[in-house]
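Structure file run_11.txt (compact mmCIF, C-alpha atoms) is printed below.
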```txt
# COMPACT_ATOMS: atom_id res chain seq x y z
CA MET A 1 15.07 -101.49 -163.94
CA LYS A 2 15.05 -104.54 -161.68
CA LEU A 3 16.32 -102.51 -158.72
CA PRO A 4 13.42 -100.00 -158.82
CA LEU A 5 11.01 -102.91 -158.99
CA LEU A 6 12.64 -104.53 -155.98
CA ALA A 7 12.61 -101.26 -154.05
CA ALA A 8 8.92 -100.71 -154.69
CA VAL A 9 8.14 -104.25 -153.56
CA VAL A 10 10.09 -103.82 -150.34
CA GLY A 11 8.44 -100.48 -149.61
CA SER A 12 4.91 -101.81 -149.97
CA ALA A 13 5.23 -105.37 -148.69
CA ALA A 14 3.58 -104.61 -145.33
CA ALA A 15 0.26 -103.88 -147.02
CA PHE A 16 -0.03 -107.45 -148.28
CA ALA A 17 -0.56 -109.04 -144.87
CA PRO A 18 -3.97 -110.72 -144.37
CA ALA A 19 -6.46 -108.77 -142.29
CA PRO A 20 -9.18 -109.94 -139.86
CA VAL A 21 -12.70 -110.20 -141.25
CA THR A 22 -15.08 -107.41 -140.38
CA LYS A 23 -18.18 -105.94 -142.01
CA THR A 24 -17.98 -102.81 -144.08
CA THR A 25 -20.37 -100.07 -143.00
CA SER A 26 -19.47 -97.29 -145.42
CA SER A 27 -17.00 -96.53 -148.16
CA LEU A 28 -14.56 -94.82 -145.82
CA SER A 29 -15.37 -97.00 -142.83
CA VAL A 30 -12.37 -98.75 -141.43
CA ALA A 31 -14.24 -102.02 -141.16
CA TYR A 32 -11.70 -103.18 -143.76
CA ASN A 33 -9.00 -101.22 -141.87
CA PRO A 34 -9.12 -102.74 -138.38
CA GLU A 35 -5.84 -100.98 -137.54
CA PHE A 36 -7.94 -97.92 -136.72
CA GLY A 37 -10.18 -99.74 -134.26
CA GLY A 38 -13.31 -99.62 -136.36
CA GLU A 39 -13.37 -95.83 -136.55
CA ASP A 40 -13.54 -93.89 -139.80
CA PHE A 41 -10.13 -92.61 -140.88
CA ASP A 42 -11.06 -89.50 -142.81
CA PRO A 43 -9.17 -86.57 -141.23
CA MET A 44 -9.88 -84.31 -144.21
CA GLY A 45 -13.59 -85.08 -144.20
CA PHE A 46 -13.75 -86.11 -147.85
CA GLY A 47 -16.47 -88.66 -147.12
CA LYS A 48 -18.76 -85.99 -145.69
CA MET A 49 -18.30 -83.25 -148.25
CA HIS A 50 -21.47 -84.31 -150.06
CA GLU A 51 -23.40 -83.39 -146.89
CA ILE A 52 -22.25 -79.75 -146.95
CA LYS A 53 -25.31 -77.51 -146.87
CA GLY A 54 -25.39 -74.62 -149.29
CA ALA A 55 -23.11 -76.30 -151.83
CA PHE A 56 -24.23 -76.81 -155.42
CA PRO A 57 -26.25 -80.06 -155.79
CA GLY A 58 -23.98 -82.90 -156.82
CA MET A 59 -20.87 -80.78 -156.38
CA PHE A 60 -19.07 -83.28 -154.13
CA PRO A 61 -18.96 -87.07 -154.56
CA HIS A 62 -20.88 -89.48 -152.36
CA THR A 63 -18.99 -92.20 -150.50
CA GLN A 64 -20.32 -94.75 -153.02
CA TYR A 65 -18.27 -93.00 -155.69
CA LEU A 66 -15.20 -92.70 -153.47
CA GLU A 67 -15.14 -96.41 -152.65
CA GLU A 68 -15.78 -97.38 -156.28
CA SER A 69 -12.90 -95.11 -157.33
CA GLU A 70 -10.52 -96.57 -154.76
CA ILE A 71 -11.25 -100.14 -155.81
CA LYS A 72 -11.06 -99.31 -159.52
CA HIS A 73 -7.78 -97.44 -159.31
CA GLY A 74 -6.33 -100.11 -157.06
CA ARG A 75 -7.14 -102.73 -159.70
CA MET A 76 -5.60 -100.62 -162.46
CA ALA A 77 -2.47 -100.10 -160.38
CA MET A 78 -2.16 -103.83 -159.71
CA LEU A 79 -2.45 -104.52 -163.45
CA ALA A 80 0.08 -101.77 -164.20
CA TRP A 81 2.53 -103.08 -161.62
CA THR A 82 2.18 -106.60 -163.01
CA GLY A 83 2.79 -105.29 -166.53
CA VAL A 84 5.90 -103.35 -165.54
CA PHE A 85 7.30 -106.31 -163.62
CA ALA A 86 6.54 -108.79 -166.40
CA THR A 87 8.08 -106.69 -169.18
CA GLU A 88 10.97 -104.98 -167.37
CA GLY A 89 11.71 -107.48 -164.63
CA LEU A 90 11.10 -110.77 -166.45
CA GLY A 91 11.42 -109.63 -170.06
CA TRP A 92 8.07 -111.13 -171.06
CA HIS A 93 6.22 -109.77 -174.11
CA PHE A 94 3.27 -110.93 -176.18
CA PRO A 95 4.51 -112.36 -179.49
CA GLY A 96 4.27 -109.73 -182.20
CA ALA A 97 3.38 -106.92 -179.80
CA PRO A 98 5.27 -103.59 -180.04
CA VAL A 99 8.28 -103.39 -177.73
CA ALA A 100 9.52 -100.11 -176.22
CA ASP A 101 12.94 -99.38 -174.77
CA ASP A 102 11.38 -98.34 -171.46
CA TRP A 103 8.02 -98.95 -169.78
CA ALA A 104 7.53 -95.20 -169.30
CA THR A 105 7.45 -94.69 -173.09
CA ALA A 106 5.57 -97.88 -173.99
CA LEU A 107 2.09 -96.30 -174.31
CA PRO A 108 2.84 -93.94 -177.24
CA VAL A 109 4.86 -96.68 -178.95
CA TRP A 110 1.92 -99.07 -178.69
CA ALA A 111 -0.58 -96.43 -179.90
CA ARG A 112 1.62 -95.62 -182.89
CA GLU A 113 2.53 -99.14 -183.97
CA ASP A 114 -0.72 -100.94 -183.14
CA PRO A 115 -3.59 -98.41 -183.29
CA GLY A 116 -6.20 -101.14 -183.72
CA GLY A 117 -5.28 -103.02 -180.55
CA PHE A 118 -4.84 -99.74 -178.70
CA GLY A 119 -8.34 -98.64 -179.74
CA LEU A 120 -9.91 -101.92 -178.61
CA ILE A 121 -8.39 -101.56 -175.16
CA LEU A 122 -9.67 -97.97 -174.91
CA ALA A 123 -13.16 -99.15 -175.91
CA PHE A 124 -13.06 -101.83 -173.21
CA ILE A 125 -11.98 -99.25 -170.63
CA MET A 126 -14.86 -96.94 -171.60
CA ILE A 127 -17.40 -99.75 -171.23
CA ALA A 128 -15.98 -100.77 -167.84
CA GLU A 129 -15.94 -97.15 -166.70
CA GLY A 130 -19.57 -96.62 -167.65
CA GLU A 131 -20.59 -99.82 -165.89
CA GLY A 132 -18.68 -98.90 -162.74
CA VAL A 133 -19.83 -95.29 -162.46
CA SER A 134 -23.38 -94.87 -163.70
CA HIS A 135 -24.95 -97.93 -165.36
CA ALA A 136 -26.51 -99.16 -162.10
CA GLY A 137 -27.30 -95.65 -160.87
CA ASP A 138 -25.37 -92.45 -160.32
CA ASN A 139 -22.95 -93.34 -157.53
CA PHE A 140 -21.55 -89.78 -157.58
CA ARG A 141 -24.80 -88.77 -155.90
CA GLY A 142 -25.20 -91.98 -153.90
CA LEU A 143 -27.95 -93.43 -156.10
CA SER A 144 -26.21 -96.58 -157.28
CA LYS A 145 -27.90 -99.91 -156.60
CA LYS A 146 -24.76 -102.03 -156.86
CA VAL A 147 -22.00 -102.86 -154.41
CA PRO A 148 -18.89 -100.73 -155.08
CA GLY A 149 -16.37 -102.72 -157.07
CA ASP A 150 -18.88 -105.36 -158.21
CA MET A 151 -18.78 -105.38 -162.02
CA GLY A 152 -21.01 -108.43 -162.28
CA PHE A 153 -18.15 -110.29 -163.95
CA ASP A 154 -18.07 -113.69 -162.29
CA TRP A 155 -18.77 -116.06 -165.16
CA MET A 156 -17.07 -118.89 -163.29
CA GLY A 157 -19.29 -118.41 -160.23
CA MET A 158 -16.32 -118.28 -157.88
CA THR A 159 -17.92 -115.92 -155.35
CA LYS A 160 -20.94 -118.21 -154.99
CA LYS A 161 -18.63 -120.90 -153.63
CA LEU A 162 -17.33 -118.66 -150.84
CA SER A 163 -18.82 -117.94 -147.45
CA GLU A 164 -19.66 -114.35 -146.51
CA GLU A 165 -16.62 -114.29 -144.22
CA LYS A 166 -14.25 -115.31 -147.01
CA GLN A 167 -15.80 -112.83 -149.43
CA ALA A 168 -15.30 -110.07 -146.86
CA ARG A 169 -11.69 -111.14 -146.32
CA TYR A 170 -10.92 -111.16 -150.05
CA LYS A 171 -12.43 -107.68 -150.41
CA THR A 172 -10.13 -106.52 -147.62
CA VAL A 173 -7.10 -108.12 -149.26
CA GLU A 174 -7.98 -106.61 -152.65
CA LYS A 175 -8.23 -103.10 -151.20
CA LYS A 176 -4.95 -103.41 -149.31
CA ASN A 177 -3.13 -104.81 -152.34
CA GLY A 178 -4.63 -102.08 -154.49
CA ARG A 179 -3.42 -99.37 -152.12
CA ALA A 180 0.05 -100.91 -152.08
CA ALA A 181 0.07 -101.06 -155.87
CA MET A 182 -1.00 -97.41 -156.18
CA ILE A 183 1.86 -96.40 -153.87
CA ALA A 184 4.28 -98.60 -155.84
CA MET A 185 3.25 -97.16 -159.21
CA ALA A 186 3.36 -93.60 -157.87
CA SER A 187 6.90 -94.24 -156.63
CA LEU A 188 7.95 -95.60 -160.04
CA PHE A 189 6.50 -92.60 -161.88
CA ALA A 190 8.14 -90.21 -159.40
CA PHE A 191 11.45 -92.01 -159.74
CA LYS A 192 11.29 -91.69 -163.53
CA SER A 193 10.24 -88.04 -163.67
CA ILE A 194 11.81 -86.42 -160.57
CA PRO A 195 15.43 -87.43 -159.84
CA GLY A 196 16.03 -88.07 -156.15
CA SER A 197 12.31 -88.13 -155.25
CA VAL A 198 12.48 -91.78 -154.10
CA PRO A 199 15.58 -92.00 -151.86
CA ILE A 200 15.52 -95.79 -151.53
CA MET A 201 16.03 -96.06 -155.29
CA ASP A 202 19.18 -93.96 -155.02
CA LEU A 203 20.43 -96.05 -152.10
CA LEU A 204 20.05 -99.18 -154.21
CA GLY A 205 21.81 -97.57 -157.15
CA ALA A 206 18.79 -97.82 -159.44
CA ASN A 207 18.74 -96.00 -162.77
```

Would it be possible to restate this file's structure as structure tokens?
Amino acid sequence: MKLPLLAAVVGSAAAFAPAPVTKTTSSLSVAYNPEFGGEDFDPMGFGKMHEIKGAFPGMFPHTQYLEESEIKHGRMAMLAWTGVFATEGLGWHFPGAPVADDWATALPVWAREDPGGFGLILAFIMIAEGEGVSHAGDNFRGLSKKVPGDMGFDWMGMTKKLSEEKQARYKTVEKKNGRAAMIAMASLFAFKSIPGSVPIMDLLGAN
């Protein structure tokens, strides 16, 4: 399993480079993607689908929802990647926690052997999901009053100690790392479920 982990790291390493600081203007604005010269990179027009006239009200998501979703799924992918690397690459496990033979089968093993802990995690996810999507306003329709990705969880006050420029830079780094992690996790799932779908894994002799 160490070889697939190494391959995924190599394939996504470029996305971890620091980026210049710029101001974000919209959820799909490339203010945090200066490689595109400050222009929106949205060739499919997903960020403008909510503006389609004649469509059912609320049929397509607003850019607030799209940015919130990108940040959220990037964070989940980073946590997932860290979990896979810690358990499969380093062999780390919480004392007394269920242990599966393979990370791809760990979820049902955990749910079966520790239903209480599994339920608590699901409850936490539901609370976080509600807070991120609708608690501060319906971001699917562009009515949210909060900044996408801001869960209000900064009990140590770390962001208050940073300048606006550093906060903008860290937001850029988080999004880039999240995108890299989503690509890495997608490659691991593909490698597990579709033989030969990730050629670099085969080149490295992963199994």

Original post:
Which one is closest to Asp150 of chain A: A:Leu122, A:Ala104, A:Met76, A:Ala136? Count all atoms listed in the file.
Top reply: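 That would be A:Ala136, the residue with the smallest distance to Asp150 of chain A.
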
Original post:
For Trp110 of chain A, which residue out of A:Glu68, A:Pro98, A:Ala123, A:Lys176 is the nearest one, using all atoms listed in the file?
Top reply: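 With all atoms listed in the file as the atom set, the closest residue is A:Pro98.
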
Subject >> Residue nearest Thr159 of chain A - candidates A:Ile121, A:Met44, A:Lys171, A:Asp101, atoms counted: only C-alpha atoms >> reply: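 Closest candidate: A:Lys171.
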
Subject >> Distance criterion (all atoms listed in the file): nearest to Lys48 of chain A out of A:Gln64, A:Met201, A:Asp138, A:Gly74 >> reply: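 Ranked by minimum distance to Lys48 of chain A, first place goes to A:Gln64.
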
Original post:
What separation in Å, quoted to one decimal, exists between atom CA of Gly149 of chain A and atom CA of Ile71 of chain A?
Top reply: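 So the two atoms, atom CA of Gly149 of chain A and atom CA of Ile71 of chain A, lie 5.9 Å apart.
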
Original post:
Hey, can you check how far atom CA of Met78 of chain A sits from atom CA of Pro148 of chain A?
Top reply: 17.6 Å

Would you kindly place N, CA, C and O atoms on segment 114-140 of chain A and return the model as a JSON list (two decimals), in the coordinates of the input?
```
[["chain", "number", "residue", "atom", "x", "y", "z"],
["A", 114, "ASP", "N", 0.43, -100.03, -183.11],
["A", 114, "ASP", "CA", -0.72, -100.94, -183.14],
["A", 114, "ASP", "C", -1.99, -100.17, -182.76],
["A", 114, "ASP", "O", -2.58, -100.40, -181.71],
["A", 115, "PRO", "N", -2.42, -99.25, -183.61],
["A", 115, "PRO", "CA", -3.59, -98.41, -183.29],
["A", 115, "PRO", "C", -4.87, -99.22, -183.12],
["A", 115, "PRO", "O", -5.74, -98.84, -182.32],
["A", 116, "GLY", "N", -4.99, -100.33, -183.84],
["A", 116, "GLY", "CA", -6.20, -101.14, -183.72],
["A", 116, "GLY", "C", -6.33, -101.76, -182.34],
["A", 116, "GLY", "O", -7.38, -101.65, -181.69],
["A", 117, "GLY", "N", -5.26, -102.42, -181.88],
["A", 117, "GLY", "CA", -5.28, -103.02, -180.55],
["A", 117, "GLY", "C", -5.42, -101.98, -179.46],
["A", 117, "GLY", "O", -6.13, -102.18, -178.47],
["A", 118, "PHE", "N", -4.75, -100.84, -179.66],
["A", 118, "PHE", "CA", -4.84, -99.74, -178.70],
["A", 118, "PHE", "C", -6.28, -99.23, -178.59],
["A", 118, "PHE", "O", -6.79, -98.99, -177.49],
["A", 119, "GLY", "N", -6.96, -99.10, -179.74],
["A", 119, "GLY", "CA", -8.34, -98.64, -179.74],
["A", 119, "GLY", "C", -9.29, -99.62, -179.07],
["A", 119, "GLY", "O", -10.22, -99.21, -178.37],
["A", 120, "LEU", "N", -9.07, -100.92, -179.25],
["A", 120, "LEU", "CA", -9.91, -101.92, -178.61],
["A", 120, "LEU", "C", -9.79, -101.85, -177.10],
["A", 120, "LEU", "O", -10.80, -101.96, -176.38],
["A", 121, "ILE", "N", -8.58, -101.67, -176.60],
["A", 121, "ILE", "CA", -8.39, -101.56, -175.16],
["A", 121, "ILE", "C", -9.08, -100.30, -174.62],
["A", 121, "ILE", "O", -9.73, -100.33, -173.56],
["A", 122, "LEU", "N", -8.99, -99.19, -175.34],
["A", 122, "LEU", "CA", -9.67, -97.97, -174.91],
["A", 122, "LEU", "C", -11.18, -98.17, -174.88],
["A", 122, "LEU", "O", -11.87, -97.68, -173.97],
["A", 123, "ALA", "N", -11.72, -98.88, -175.87],
["A", 123, "ALA", "CA", -13.16, -99.15, -175.91],
["A", 123, "ALA", "C", -13.58, -99.99, -174.70],
["A", 123, "ALA", "O", -14.61, -99.73, -174.07],
["A", 124, "PHE", "N", -12.76, -100.99, -174.37],
["A", 124, "PHE", "CA", -13.06, -101.83, -173.21],
["A", 124, "PHE", "C", -13.04, -101.00, -171.93],
["A", 124, "PHE", "O", -13.90, -101.16, -171.06],
["A", 125, "ILE", "N", -12.08, -100.10, -171.81],
["A", 125, "ILE", "CA", -11.98, -99.25, -170.63],
["A", 125, "ILE", "C", -13.21, -98.35, -170.51],
["A", 125, "ILE", "O", -13.75, -98.16, -169.41],
["A", 126, "MET", "N", -13.68, -97.80, -171.64],
["A", 126, "MET", "CA", -14.86, -96.94, -171.60],
["A", 126, "MET", "C", -16.11, -97.70, -171.16],
["A", 126, "MET", "O", -16.91, -97.19, -170.37],
["A", 127, "ILE", "N", -16.25, -98.93, -171.63],
["A", 127, "ILE", "CA", -17.40, -99.75, -171.23],
["A", 127, "ILE", "C", -17.33, -100.05, -169.73],
["A", 127, "ILE", "O", -18.32, -99.93, -169.00],
["A", 128, "ALA", "N", -16.14, -100.45, -169.26],
["A", 128, "ALA", "CA", -15.98, -100.77, -167.84],
["A", 128, "ALA", "C", -16.21, -99.54, -166.97],
["A", 128, "ALA", "O", -16.81, -99.62, -165.90],
["A", 129, "GLU", "N", -15.75, -98.38, -167.45],
["A", 129, "GLU", "CA", -15.94, -97.15, -166.70],
["A", 129, "GLU", "C", -17.41, -96.80, -166.58],
["A", 129, "GLU", "O", -17.91, -96.42, -165.52],
["A", 130, "GLY", "N", -18.15, -96.92, -167.68],
["A", 130, "GLY", "CA", -19.57, -96.62, -167.65],
["A", 130, "GLY", "C", -20.33, -97.56, -166.73],
["A", 130, "GLY", "O", -21.22, -97.14, -165.99],
["A", 131, "GLU", "N", -19.95, -98.84, -166.76],
["A", 131, "GLU", "CA", -20.59, -99.82, -165.89],
["A", 131, "GLU", "C", -20.30, -99.53, -164.42],
["A", 131, "GLU", "O", -21.17, -99.62, -163.56],
["A", 132, "GLY", "N", -19.07, -99.13, -164.14],
["A", 132, "GLY", "CA", -18.68, -98.90, -162.74],
["A", 132, "GLY", "C", -19.23, -97.62, -162.16],
["A", 132, "GLY", "O", -19.48, -97.53, -160.96],
["A", 133, "VAL", "N", -19.44, -96.60, -162.99],
["A", 133, "VAL", "CA", -19.83, -95.29, -162.46],
["A", 133, "VAL", "C", -21.33, -95.04, -162.49],
["A", 133, "VAL", "O", -21.90, -94.54, -161.53],
["A", 134, "SER", "N", -22.01, -95.35, -163.59],
["A", 134, "SER", "CA", -23.38, -94.87, -163.70],
["A", 134, "SER", "C", -24.40, -95.88, -164.22],
["A", 134, "SER", "O", -25.60, -95.61, -164.15],
["A", 135, "HIS", "N", -23.99, -97.02, -164.75],
["A", 135, "HIS", "CA", -24.95, -97.93, -165.36],
["A", 135, "HIS", "C", -26.00, -98.40, -164.35],
["A", 135, "HIS", "O", -27.18, -98.54, -164.68],
["A", 136, "ALA", "N", -25.60, -98.67, -163.13],
["A", 136, "ALA", "CA", -26.51, -99.16, -162.10],
["A", 136, "ALA", "C", -27.03, -98.03, -161.22],
["A", 136, "ALA", "O", -27.57, -98.28, -160.14],
["A", 137, "GLY", "N", -26.88, -96.80, -161.67],
["A", 137, "GLY", "CA", -27.30, -95.65, -160.87],
["A", 137, "GLY", "C", -26.14, -94.72, -160.64],
["A", 137, "GLY", "O", -24.98, -95.15, -160.63],
["A", 138, "ASP", "N", -26.42, -93.47, -160.47],
["A", 138, "ASP", "CA", -25.37, -92.45, -160.32],
["A", 138, "ASP", "C", -24.74, -92.53, -158.93],
["A", 138, "ASP", "O", -25.27, -92.01, -157.96],
["A", 139, "ASN", "N", -23.59, -93.21, -158.84],
["A", 139, "ASN", "CA", -22.95, -93.34, -157.53],
["A", 139, "ASN", "C", -22.30, -92.04, -157.08],
["A", 139, "ASN", "O", -21.96, -91.89, -155.90],
["A", 140, "PHE", "N", -22.09, -91.08, -157.99],
["A", 140, "PHE", "CA", -21.55, -89.78, -157.58],
["A", 140, "PHE", "C", -22.50, -89.09, -156.62],
["A", 140, "PHE", "O", -22.09, -88.35, -155.73]]
```
